[in-house]
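The structure file my_file_25.cif is reproduced below (mmCIF, N, CA and C atoms).
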```
data_structure
loop_
_atom_site.label_atom_id
_atom_site.label_comp_id
_atom_site.auth_asym_id
_atom_site.auth_seq_id
_atom_site.Cartn_x
_atom_site.Cartn_y
_atom_site.Cartn_z
N MET W 34 -31.61 -25.17 -9.17
CA MET W 34 -30.64 -26.07 -8.57
C MET W 34 -29.22 -25.70 -9.01
N LEU W 35 -29.06 -25.41 -10.29
CA LEU W 35 -27.75 -25.04 -10.80
C LEU W 35 -27.25 -23.76 -10.12
N LEU W 36 -28.13 -22.80 -9.92
CA LEU W 36 -27.77 -21.56 -9.25
C LEU W 36 -27.31 -21.81 -7.82
N LEU W 37 -27.99 -22.71 -7.13
CA LEU W 37 -27.63 -23.06 -5.76
C LEU W 37 -26.24 -23.71 -5.72
N CYS W 38 -25.95 -24.58 -6.65
CA CYS W 38 -24.63 -25.23 -6.72
C CYS W 38 -23.52 -24.20 -6.97
N LEU W 39 -23.78 -23.24 -7.86
CA LEU W 39 -22.80 -22.20 -8.14
C LEU W 39 -22.54 -21.35 -6.90
N PHE W 40 -23.58 -21.08 -6.13
CA PHE W 40 -23.44 -20.30 -4.91
C PHE W 40 -22.50 -21.00 -3.94
N PHE W 41 -22.71 -22.30 -3.71
CA PHE W 41 -21.88 -23.03 -2.76
C PHE W 41 -20.45 -23.22 -3.26
N LEU W 42 -20.28 -23.35 -4.56
CA LEU W 42 -18.93 -23.49 -5.10
C LEU W 42 -18.14 -22.20 -4.98
N SER W 43 -18.83 -21.06 -4.97
CA SER W 43 -18.13 -19.79 -4.90
C SER W 43 -17.82 -19.37 -3.47
N CYS W 44 -18.43 -20.00 -2.47
CA CYS W 44 -18.21 -19.61 -1.08
C CYS W 44 -16.75 -19.87 -0.68
N GLY W 45 -16.22 -18.95 0.11
CA GLY W 45 -14.87 -19.12 0.62
C GLY W 45 -13.78 -18.68 -0.33
N LYS W 46 -14.13 -18.20 -1.51
CA LYS W 46 -13.11 -17.79 -2.46
C LYS W 46 -13.08 -16.28 -2.67
N THR W 47 -13.79 -15.53 -1.86
CA THR W 47 -13.86 -14.09 -2.09
C THR W 47 -12.54 -13.38 -1.79
N ASN W 48 -11.68 -13.92 -0.94
CA ASN W 48 -10.43 -13.27 -0.60
C ASN W 48 -9.22 -13.87 -1.30
N VAL W 49 -9.44 -14.79 -2.23
CA VAL W 49 -8.33 -15.37 -2.96
C VAL W 49 -7.62 -14.26 -3.73
N GLY W 50 -6.33 -14.16 -3.56
CA GLY W 50 -5.57 -13.14 -4.25
C GLY W 50 -5.62 -11.78 -3.57
N ALA W 51 -6.18 -11.70 -2.37
CA ALA W 51 -6.25 -10.43 -1.65
C ALA W 51 -5.05 -10.29 -0.72
N ILE W 52 -4.63 -9.05 -0.52
CA ILE W 52 -3.56 -8.79 0.44
C ILE W 52 -4.11 -9.09 1.83
N PRO W 53 -3.42 -9.89 2.62
CA PRO W 53 -3.93 -10.21 3.96
C PRO W 53 -4.18 -8.96 4.80
N ASN W 54 -5.20 -9.01 5.62
CA ASN W 54 -5.51 -7.90 6.51
C ASN W 54 -4.83 -8.13 7.85
N VAL W 55 -3.79 -7.36 8.13
CA VAL W 55 -3.05 -7.48 9.38
C VAL W 55 -3.13 -6.14 10.12
N PRO W 56 -3.05 -6.17 11.45
CA PRO W 56 -3.10 -4.91 12.20
C PRO W 56 -1.89 -4.02 11.89
N VAL W 57 -2.16 -2.73 11.71
CA VAL W 57 -1.10 -1.75 11.47
C VAL W 57 -1.31 -0.59 12.43
N ASN W 58 -0.23 -0.21 13.11
CA ASN W 58 -0.29 0.90 14.05
C ASN W 58 1.10 1.54 14.12
N PHE W 59 1.39 2.41 13.16
CA PHE W 59 2.69 3.09 13.09
C PHE W 59 2.51 4.55 13.48
N SER W 60 3.43 5.06 14.27
CA SER W 60 3.45 6.50 14.55
C SER W 60 4.89 6.96 14.69
N ALA W 61 5.10 8.22 14.34
CA ALA W 61 6.44 8.81 14.46
C ALA W 61 6.29 10.32 14.44
N PRO W 62 7.20 11.02 15.11
CA PRO W 62 7.20 12.48 14.99
C PRO W 62 7.61 12.86 13.57
N LEU W 63 7.03 13.93 13.05
CA LEU W 63 7.37 14.37 11.69
C LEU W 63 8.85 14.75 11.58
N SER W 64 9.52 14.96 12.71
CA SER W 64 10.95 15.28 12.70
C SER W 64 11.83 14.03 12.66
N ASP W 65 11.22 12.84 12.70
CA ASP W 65 11.98 11.58 12.67
C ASP W 65 12.78 11.50 11.36
N PRO W 66 14.09 11.26 11.44
CA PRO W 66 14.92 11.19 10.22
C PRO W 66 14.47 10.13 9.22
N ARG W 67 13.81 9.06 9.69
CA ARG W 67 13.34 8.01 8.77
C ARG W 67 12.29 8.54 7.80
N ILE W 68 11.59 9.59 8.18
CA ILE W 68 10.51 10.10 7.32
C ILE W 68 10.77 11.53 6.86
N SER W 69 12.01 11.97 6.90
CA SER W 69 12.34 13.36 6.54
C SER W 69 11.93 13.71 5.12
N ARG W 70 11.89 12.75 4.22
CA ARG W 70 11.49 13.03 2.83
C ARG W 70 10.01 13.41 2.71
N LEU W 71 9.24 13.19 3.78
CA LEU W 71 7.81 13.54 3.75
C LEU W 71 7.57 15.03 4.00
N THR W 72 8.61 15.77 4.37
CA THR W 72 8.40 17.19 4.63
C THR W 72 8.03 17.95 3.37
N ALA W 73 8.45 17.47 2.22
CA ALA W 73 8.13 18.12 0.94
C ALA W 73 7.05 17.33 0.20
N ALA W 74 6.14 18.06 -0.42
CA ALA W 74 5.12 17.41 -1.26
C ALA W 74 5.83 16.61 -2.35
N GLY W 75 5.35 15.41 -2.60
CA GLY W 75 5.98 14.51 -3.57
C GLY W 75 6.98 13.57 -2.95
N GLY W 76 7.25 13.74 -1.65
CA GLY W 76 8.20 12.87 -0.96
C GLY W 76 7.54 11.56 -0.55
N ALA W 77 8.33 10.50 -0.54
CA ALA W 77 7.83 9.18 -0.15
C ALA W 77 8.90 8.44 0.63
N VAL W 78 8.45 7.58 1.53
CA VAL W 78 9.36 6.75 2.31
C VAL W 78 8.78 5.34 2.43
N THR W 79 9.65 4.39 2.71
CA THR W 79 9.21 3.04 3.06
C THR W 79 9.61 2.79 4.50
N ILE W 80 8.74 2.07 5.20
CA ILE W 80 8.98 1.71 6.60
C ILE W 80 8.80 0.21 6.72
N ASP W 81 9.82 -0.49 7.19
CA ASP W 81 9.75 -1.94 7.37
C ASP W 81 9.13 -2.29 8.72
N GLY W 82 8.61 -3.51 8.81
CA GLY W 82 8.13 -4.02 10.08
C GLY W 82 6.65 -3.78 10.36
N TYR W 83 5.92 -3.25 9.41
CA TYR W 83 4.49 -3.00 9.58
C TYR W 83 3.75 -3.55 8.38
N GLY W 84 2.49 -3.95 8.58
CA GLY W 84 1.70 -4.50 7.49
C GLY W 84 2.23 -5.86 7.08
N VAL W 85 1.95 -6.23 5.84
CA VAL W 85 2.40 -7.52 5.31
C VAL W 85 3.86 -7.45 4.86
N ALA W 86 4.20 -6.38 4.13
CA ALA W 86 5.54 -6.27 3.56
C ALA W 86 6.17 -4.90 3.84
N GLY W 87 5.67 -4.19 4.83
CA GLY W 87 6.15 -2.85 5.13
C GLY W 87 5.15 -1.81 4.64
N LEU W 88 5.48 -0.55 4.86
CA LEU W 88 4.61 0.56 4.47
C LEU W 88 5.28 1.45 3.44
N VAL W 89 4.47 2.07 2.60
CA VAL W 89 4.87 3.20 1.77
C VAL W 89 4.02 4.36 2.24
N ILE W 90 4.67 5.46 2.61
CA ILE W 90 3.95 6.68 2.98
C ILE W 90 4.34 7.74 1.96
N TYR W 91 3.34 8.44 1.43
CA TYR W 91 3.54 9.41 0.36
C TYR W 91 2.86 10.72 0.72
N HIS W 92 3.56 11.83 0.50
CA HIS W 92 3.02 13.18 0.71
C HIS W 92 2.62 13.71 -0.66
N ARG W 93 1.32 13.67 -0.94
CA ARG W 93 0.82 14.08 -2.26
C ARG W 93 1.02 15.59 -2.47
N PRO W 94 1.07 16.02 -3.73
CA PRO W 94 1.22 17.45 -4.03
C PRO W 94 0.09 18.33 -3.47
N ASP W 95 -1.08 17.75 -3.20
CA ASP W 95 -2.19 18.52 -2.63
C ASP W 95 -2.13 18.56 -1.10
N ASP W 96 -0.97 18.21 -0.53
CA ASP W 96 -0.66 18.26 0.90
C ASP W 96 -1.43 17.21 1.71
N ILE W 97 -1.81 16.11 1.08
CA ILE W 97 -2.47 14.99 1.76
C ILE W 97 -1.44 13.86 1.85
N TYR W 98 -1.44 13.19 3.00
CA TYR W 98 -0.57 12.03 3.20
C TYR W 98 -1.38 10.76 2.98
N VAL W 99 -0.80 9.80 2.28
CA VAL W 99 -1.43 8.50 2.06
C VAL W 99 -0.43 7.41 2.41
N ALA W 100 -0.95 6.24 2.76
CA ALA W 100 -0.07 5.11 3.11
C ALA W 100 -0.65 3.83 2.53
N TYR W 101 0.24 2.95 2.11
CA TYR W 101 -0.13 1.67 1.52
C TYR W 101 0.75 0.57 2.09
N ASP W 102 0.25 -0.65 2.02
CA ASP W 102 1.09 -1.80 2.30
C ASP W 102 2.02 -1.97 1.11
N ARG W 103 3.27 -2.30 1.38
CA ARG W 103 4.22 -2.53 0.29
C ARG W 103 3.95 -3.84 -0.44
N CYS W 104 3.11 -4.71 0.11
CA CYS W 104 2.80 -5.98 -0.55
C CYS W 104 2.08 -5.72 -1.86
N SER W 105 2.65 -6.19 -2.95
CA SER W 105 2.03 -6.02 -4.26
C SER W 105 0.67 -6.70 -4.29
N SER W 106 -0.28 -6.08 -4.97
CA SER W 106 -1.60 -6.68 -5.12
C SER W 106 -1.62 -7.75 -6.21
N TYR W 107 -0.52 -7.89 -6.96
CA TYR W 107 -0.42 -8.96 -7.95
C TYR W 107 0.23 -10.16 -7.26
N GLN W 108 -0.49 -11.25 -7.16
CA GLN W 108 -0.05 -12.46 -6.48
C GLN W 108 0.47 -12.14 -5.07
N PRO W 109 -0.40 -11.55 -4.22
CA PRO W 109 0.04 -11.12 -2.89
C PRO W 109 0.54 -12.25 -2.00
N GLU W 110 0.21 -13.48 -2.33
CA GLU W 110 0.71 -14.60 -1.54
C GLU W 110 2.24 -14.70 -1.60
N ASN W 111 2.86 -14.03 -2.59
CA ASN W 111 4.32 -14.01 -2.71
C ASN W 111 4.96 -12.97 -1.80
N HIS W 112 4.16 -12.07 -1.24
CA HIS W 112 4.63 -11.01 -0.34
C HIS W 112 5.75 -10.18 -0.97
N CYS W 113 5.66 -9.93 -2.27
CA CYS W 113 6.67 -9.13 -2.98
C CYS W 113 6.45 -7.66 -2.64
N ALA W 114 7.47 -7.02 -2.07
CA ALA W 114 7.37 -5.63 -1.62
C ALA W 114 7.68 -4.67 -2.77
N VAL W 115 6.76 -3.72 -3.01
CA VAL W 115 6.99 -2.71 -4.03
C VAL W 115 8.14 -1.80 -3.59
N THR W 116 8.83 -1.25 -4.58
CA THR W 116 9.94 -0.33 -4.32
C THR W 116 9.60 1.02 -4.94
N LEU W 117 10.10 2.08 -4.33
CA LEU W 117 9.82 3.42 -4.83
C LEU W 117 10.59 3.66 -6.11
N ASP W 118 9.92 4.32 -7.06
CA ASP W 118 10.58 4.73 -8.30
C ASP W 118 11.13 6.14 -8.12
N SER W 119 11.98 6.55 -9.03
CA SER W 119 12.49 7.91 -9.02
C SER W 119 12.11 8.56 -10.34
N PRO W 120 11.37 9.65 -10.33
CA PRO W 120 10.82 10.36 -9.18
C PRO W 120 9.72 9.55 -8.51
N THR W 121 9.41 9.92 -7.28
CA THR W 121 8.52 9.11 -6.45
C THR W 121 7.04 9.39 -6.72
N PHE W 122 6.60 9.14 -7.94
CA PHE W 122 5.18 9.21 -8.27
C PHE W 122 4.58 7.82 -8.36
N THR W 123 5.46 6.82 -8.50
CA THR W 123 5.02 5.43 -8.64
C THR W 123 5.91 4.51 -7.81
N ALA W 124 5.41 3.29 -7.64
CA ALA W 124 6.18 2.22 -6.99
C ALA W 124 6.07 1.00 -7.89
N THR W 125 7.12 0.19 -7.93
CA THR W 125 7.18 -0.97 -8.81
C THR W 125 7.28 -2.26 -8.03
N ASP W 126 6.53 -3.26 -8.47
CA ASP W 126 6.64 -4.63 -7.95
C ASP W 126 7.81 -5.28 -8.69
N PRO W 127 8.94 -5.52 -8.02
CA PRO W 127 10.09 -6.08 -8.73
C PRO W 127 9.88 -7.52 -9.18
N CYS W 128 8.90 -8.21 -8.63
CA CYS W 128 8.64 -9.60 -9.02
C CYS W 128 7.87 -9.70 -10.33
N SER W 129 6.92 -8.78 -10.57
CA SER W 129 6.07 -8.87 -11.77
C SER W 129 6.26 -7.72 -12.74
N GLY W 130 6.86 -6.63 -12.29
CA GLY W 130 6.98 -5.44 -13.13
C GLY W 130 5.78 -4.51 -13.05
N SER W 131 4.77 -4.87 -12.27
CA SER W 131 3.59 -4.01 -12.11
C SER W 131 4.02 -2.68 -11.49
N LYS W 132 3.32 -1.61 -11.88
CA LYS W 132 3.57 -0.29 -11.31
C LYS W 132 2.28 0.24 -10.70
N PHE W 133 2.43 1.03 -9.62
CA PHE W 133 1.29 1.58 -8.91
C PHE W 133 1.48 3.07 -8.70
N SER W 134 0.41 3.84 -8.87
CA SER W 134 0.43 5.26 -8.58
C SER W 134 0.47 5.47 -7.07
N LEU W 135 1.33 6.35 -6.60
CA LEU W 135 1.38 6.63 -5.17
C LEU W 135 0.28 7.60 -4.74
N SER W 136 -0.35 8.28 -5.67
CA SER W 136 -1.44 9.18 -5.32
C SER W 136 -2.64 8.45 -4.77
N ASP W 137 -2.94 7.26 -5.35
CA ASP W 137 -4.14 6.54 -4.94
C ASP W 137 -3.97 5.02 -4.88
N GLY W 138 -2.79 4.49 -5.17
CA GLY W 138 -2.54 3.05 -5.12
C GLY W 138 -3.01 2.30 -6.35
N LEU W 139 -3.51 3.02 -7.36
CA LEU W 139 -4.03 2.41 -8.59
C LEU W 139 -2.91 1.74 -9.38
N PRO W 140 -3.15 0.52 -9.88
CA PRO W 140 -2.15 -0.08 -10.77
C PRO W 140 -2.12 0.68 -12.10
N VAL W 141 -0.93 1.08 -12.53
CA VAL W 141 -0.79 1.84 -13.77
C VAL W 141 -0.03 1.06 -14.84
N LYS W 142 0.45 -0.13 -14.47
CA LYS W 142 1.11 -1.01 -15.44
C LYS W 142 0.80 -2.45 -15.06
N ALA W 143 0.37 -3.23 -16.04
CA ALA W 143 0.03 -4.64 -15.85
C ALA W 143 1.27 -5.42 -15.44
N PRO W 144 1.08 -6.58 -14.85
CA PRO W 144 -0.15 -7.37 -14.82
C PRO W 144 -1.10 -7.07 -13.65
N ALA W 145 -0.73 -6.24 -12.70
CA ALA W 145 -1.62 -5.97 -11.55
C ALA W 145 -2.90 -5.29 -12.03
N THR W 146 -4.02 -5.67 -11.39
CA THR W 146 -5.31 -5.06 -11.69
C THR W 146 -5.99 -4.52 -10.44
N ARG W 147 -5.42 -4.79 -9.27
CA ARG W 147 -6.00 -4.34 -8.01
C ARG W 147 -5.13 -3.25 -7.38
N TYR W 148 -5.80 -2.37 -6.64
CA TYR W 148 -5.11 -1.32 -5.91
C TYR W 148 -4.22 -1.92 -4.81
N LEU W 149 -3.21 -1.16 -4.39
CA LEU W 149 -2.47 -1.50 -3.18
C LEU W 149 -3.41 -1.32 -1.99
N ARG W 150 -3.17 -2.06 -0.90
CA ARG W 150 -3.98 -1.91 0.30
C ARG W 150 -3.64 -0.58 0.95
N ALA W 151 -4.65 0.28 1.12
CA ALA W 151 -4.46 1.60 1.71
C ALA W 151 -4.71 1.55 3.21
N TYR W 152 -4.00 2.40 3.93
CA TYR W 152 -4.18 2.56 5.36
C TYR W 152 -4.57 4.01 5.65
N SER W 153 -5.15 4.21 6.81
CA SER W 153 -5.56 5.53 7.25
C SER W 153 -4.34 6.31 7.76
N VAL W 154 -4.26 7.60 7.41
CA VAL W 154 -3.16 8.45 7.86
C VAL W 154 -3.75 9.68 8.55
N ASN W 155 -3.23 9.98 9.73
CA ASN W 155 -3.63 11.18 10.46
C ASN W 155 -2.38 11.92 10.91
N ILE W 156 -2.45 13.23 10.84
CA ILE W 156 -1.36 14.09 11.33
C ILE W 156 -1.93 14.88 12.50
N SER W 157 -1.26 14.79 13.64
CA SER W 157 -1.72 15.51 14.83
C SER W 157 -0.53 15.84 15.71
N GLN W 158 -0.45 17.09 16.13
CA GLN W 158 0.61 17.55 17.04
C GLN W 158 1.99 17.12 16.56
N ASN W 159 2.27 17.38 15.27
CA ASN W 159 3.57 17.06 14.65
C ASN W 159 3.92 15.59 14.70
N GLN W 160 2.89 14.75 14.70
CA GLN W 160 3.08 13.28 14.64
C GLN W 160 2.29 12.75 13.46
N ILE W 161 2.82 11.70 12.83
CA ILE W 161 2.09 11.00 11.79
C ILE W 161 1.65 9.65 12.36
N PHE W 162 0.40 9.29 12.09
CA PHE W 162 -0.17 8.04 12.55
C PHE W 162 -0.70 7.29 11.34
N VAL W 163 -0.31 6.03 11.19
CA VAL W 163 -0.80 5.16 10.12
C VAL W 163 -1.43 3.95 10.77
N SER W 164 -2.68 3.66 10.40
CA SER W 164 -3.38 2.52 11.01
C SER W 164 -4.44 2.00 10.06
N ASN W 165 -5.06 0.90 10.49
CA ASN W 165 -6.19 0.36 9.74
C ASN W 165 -7.36 0.13 10.66
#
```
Conversion result in structure tokens:
Amino acid sequence: MLLLCLFFLSCGKTNVGAIPNVPVNFSAPLSDPRISRLTAAGGAVTIDGYGVAGLVIYHRPDDIYVAYDRCSSYQPENHCAVTLDSPTFTATDPCSGSKFSLSDGLPVKAPATRYLRAYSVNISQNQIFVSN
């Protein structure tokens, strides 16, 4: 009986503290001036107007592109947008001080313990596509 009560009490709380899942569909030619920093490995850009708090797109040194929602995973209900650090290996949540690796979205400085929300990135015919 106690186990059954615990099950019902836990229902509906699985997404508490999660970054909201919103549709993302960004595309741009790789020649677009907004993303010119992506031409070099290690380059990163932010794009407003997509996701919960905007996008971070990063060109990893292994020539792979990754994208994340700028919404910090620490208290995401605040919609605090991470900012790029210099050099662009990490991004910082200015509200909590949490830091995240741009290679994989992993939190590298507390208080955050969850990854940034990652999006799918495809490069085709000199265009970049970010979606979920």
- Write out as number ranges by chain the residues lying within 8 Å of Val141 (chain W), counting only N, CA and C atoms and excluding same-chain residues fewer than 5 positions away. W: 131-134, 146-147
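In this structure, atom C of Ser64 (chain W) sits 20.4 Å away from atom C of Tyr101 (chain W).
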- Could you please determine the separation between CA of Ser136 (chain W) and CA of Ala74 (chain W) in Å, to one decimal place? 11.3 Å
- Task: Quick one: apply the PyMOL selection byres (((chain W and resi 156 and name CA) around 12) and name CA) to the file and drop the selected residues here as a ChimeraX atom specification.
- Result: /W:59-63,71,92,96-99,153-155,157-164
- Message: Using Å and a single decimal, report how far atom N of Lys142 (chain W) sits from CA of Pro127 (chain W).
- Response: 12.7 Å
Can you give me, as a tab-separated table (two decimals) with N, CA and C atoms, keeping the file's coordinate frame, the residues this file yields under the PyMOL selection byres ((chain W and resi 76) around 7)?
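Below is the file that was written, part26.tsv:
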```tsv
chain	number	residue	atom	x	y	z
W	70	ARG	N	11.89	12.75	4.22
W	70	ARG	CA	11.49	13.03	2.83
W	70	ARG	C	10.01	13.41	2.71
W	71	LEU	N	9.24	13.19	3.78
W	71	LEU	CA	7.81	13.54	3.75
W	71	LEU	C	7.57	15.03	4.00
W	72	THR	N	8.61	15.77	4.37
W	72	THR	CA	8.40	17.19	4.63
W	72	THR	C	8.03	17.95	3.37
W	73	ALA	N	8.45	17.47	2.22
W	73	ALA	CA	8.13	18.12	0.94
W	73	ALA	C	7.05	17.33	0.20
W	74	ALA	N	6.14	18.06	-0.42
W	74	ALA	CA	5.12	17.41	-1.26
W	74	ALA	C	5.83	16.61	-2.35
W	75	GLY	N	5.35	15.41	-2.60
W	75	GLY	CA	5.98	14.51	-3.57
W	75	GLY	C	6.98	13.57	-2.95
W	77	ALA	N	8.33	10.50	-0.54
W	77	ALA	CA	7.83	9.18	-0.15
W	77	ALA	C	8.90	8.44	0.63
W	78	VAL	N	8.45	7.58	1.53
W	78	VAL	CA	9.36	6.75	2.31
W	78	VAL	C	8.78	5.34	2.43
W	90	ILE	N	4.67	5.46	2.61
W	90	ILE	CA	3.95	6.68	2.98
W	90	ILE	C	4.34	7.74	1.96
W	91	TYR	N	3.34	8.44	1.43
W	91	TYR	CA	3.54	9.41	0.36
W	91	TYR	C	2.86	10.72	0.72
W	92	HIS	N	3.56	11.83	0.50
W	92	HIS	CA	3.02	13.18	0.71
W	92	HIS	C	2.62	13.71	-0.66
W	93	ARG	N	1.32	13.67	-0.94
W	93	ARG	CA	0.82	14.08	-2.26
W	93	ARG	C	1.02	15.59	-2.47
W	94	PRO	N	1.07	16.02	-3.73
W	94	PRO	CA	1.22	17.45	-4.03
W	94	PRO	C	0.09	18.33	-3.47
W	121	THR	N	9.41	9.92	-7.28
W	121	THR	CA	8.52	9.11	-6.45
W	121	THR	C	7.04	9.39	-6.72
```
- Message: as a PyMOL selection string, please: every residue in region 48-101 of chain W that DSSP puts in strand (DSSP E or B).
- Response: chain W and resi 58-62+77-80+88-92+98-101
- Task: For the structure provided, state which residues fall under the PyMOL selection byres (((chain W and resi 56 and name CA) around 9) and name CA), and present them as a PyMOL selection string.
- Result: chain W and resi 54-55+57-58+83-84+164-165
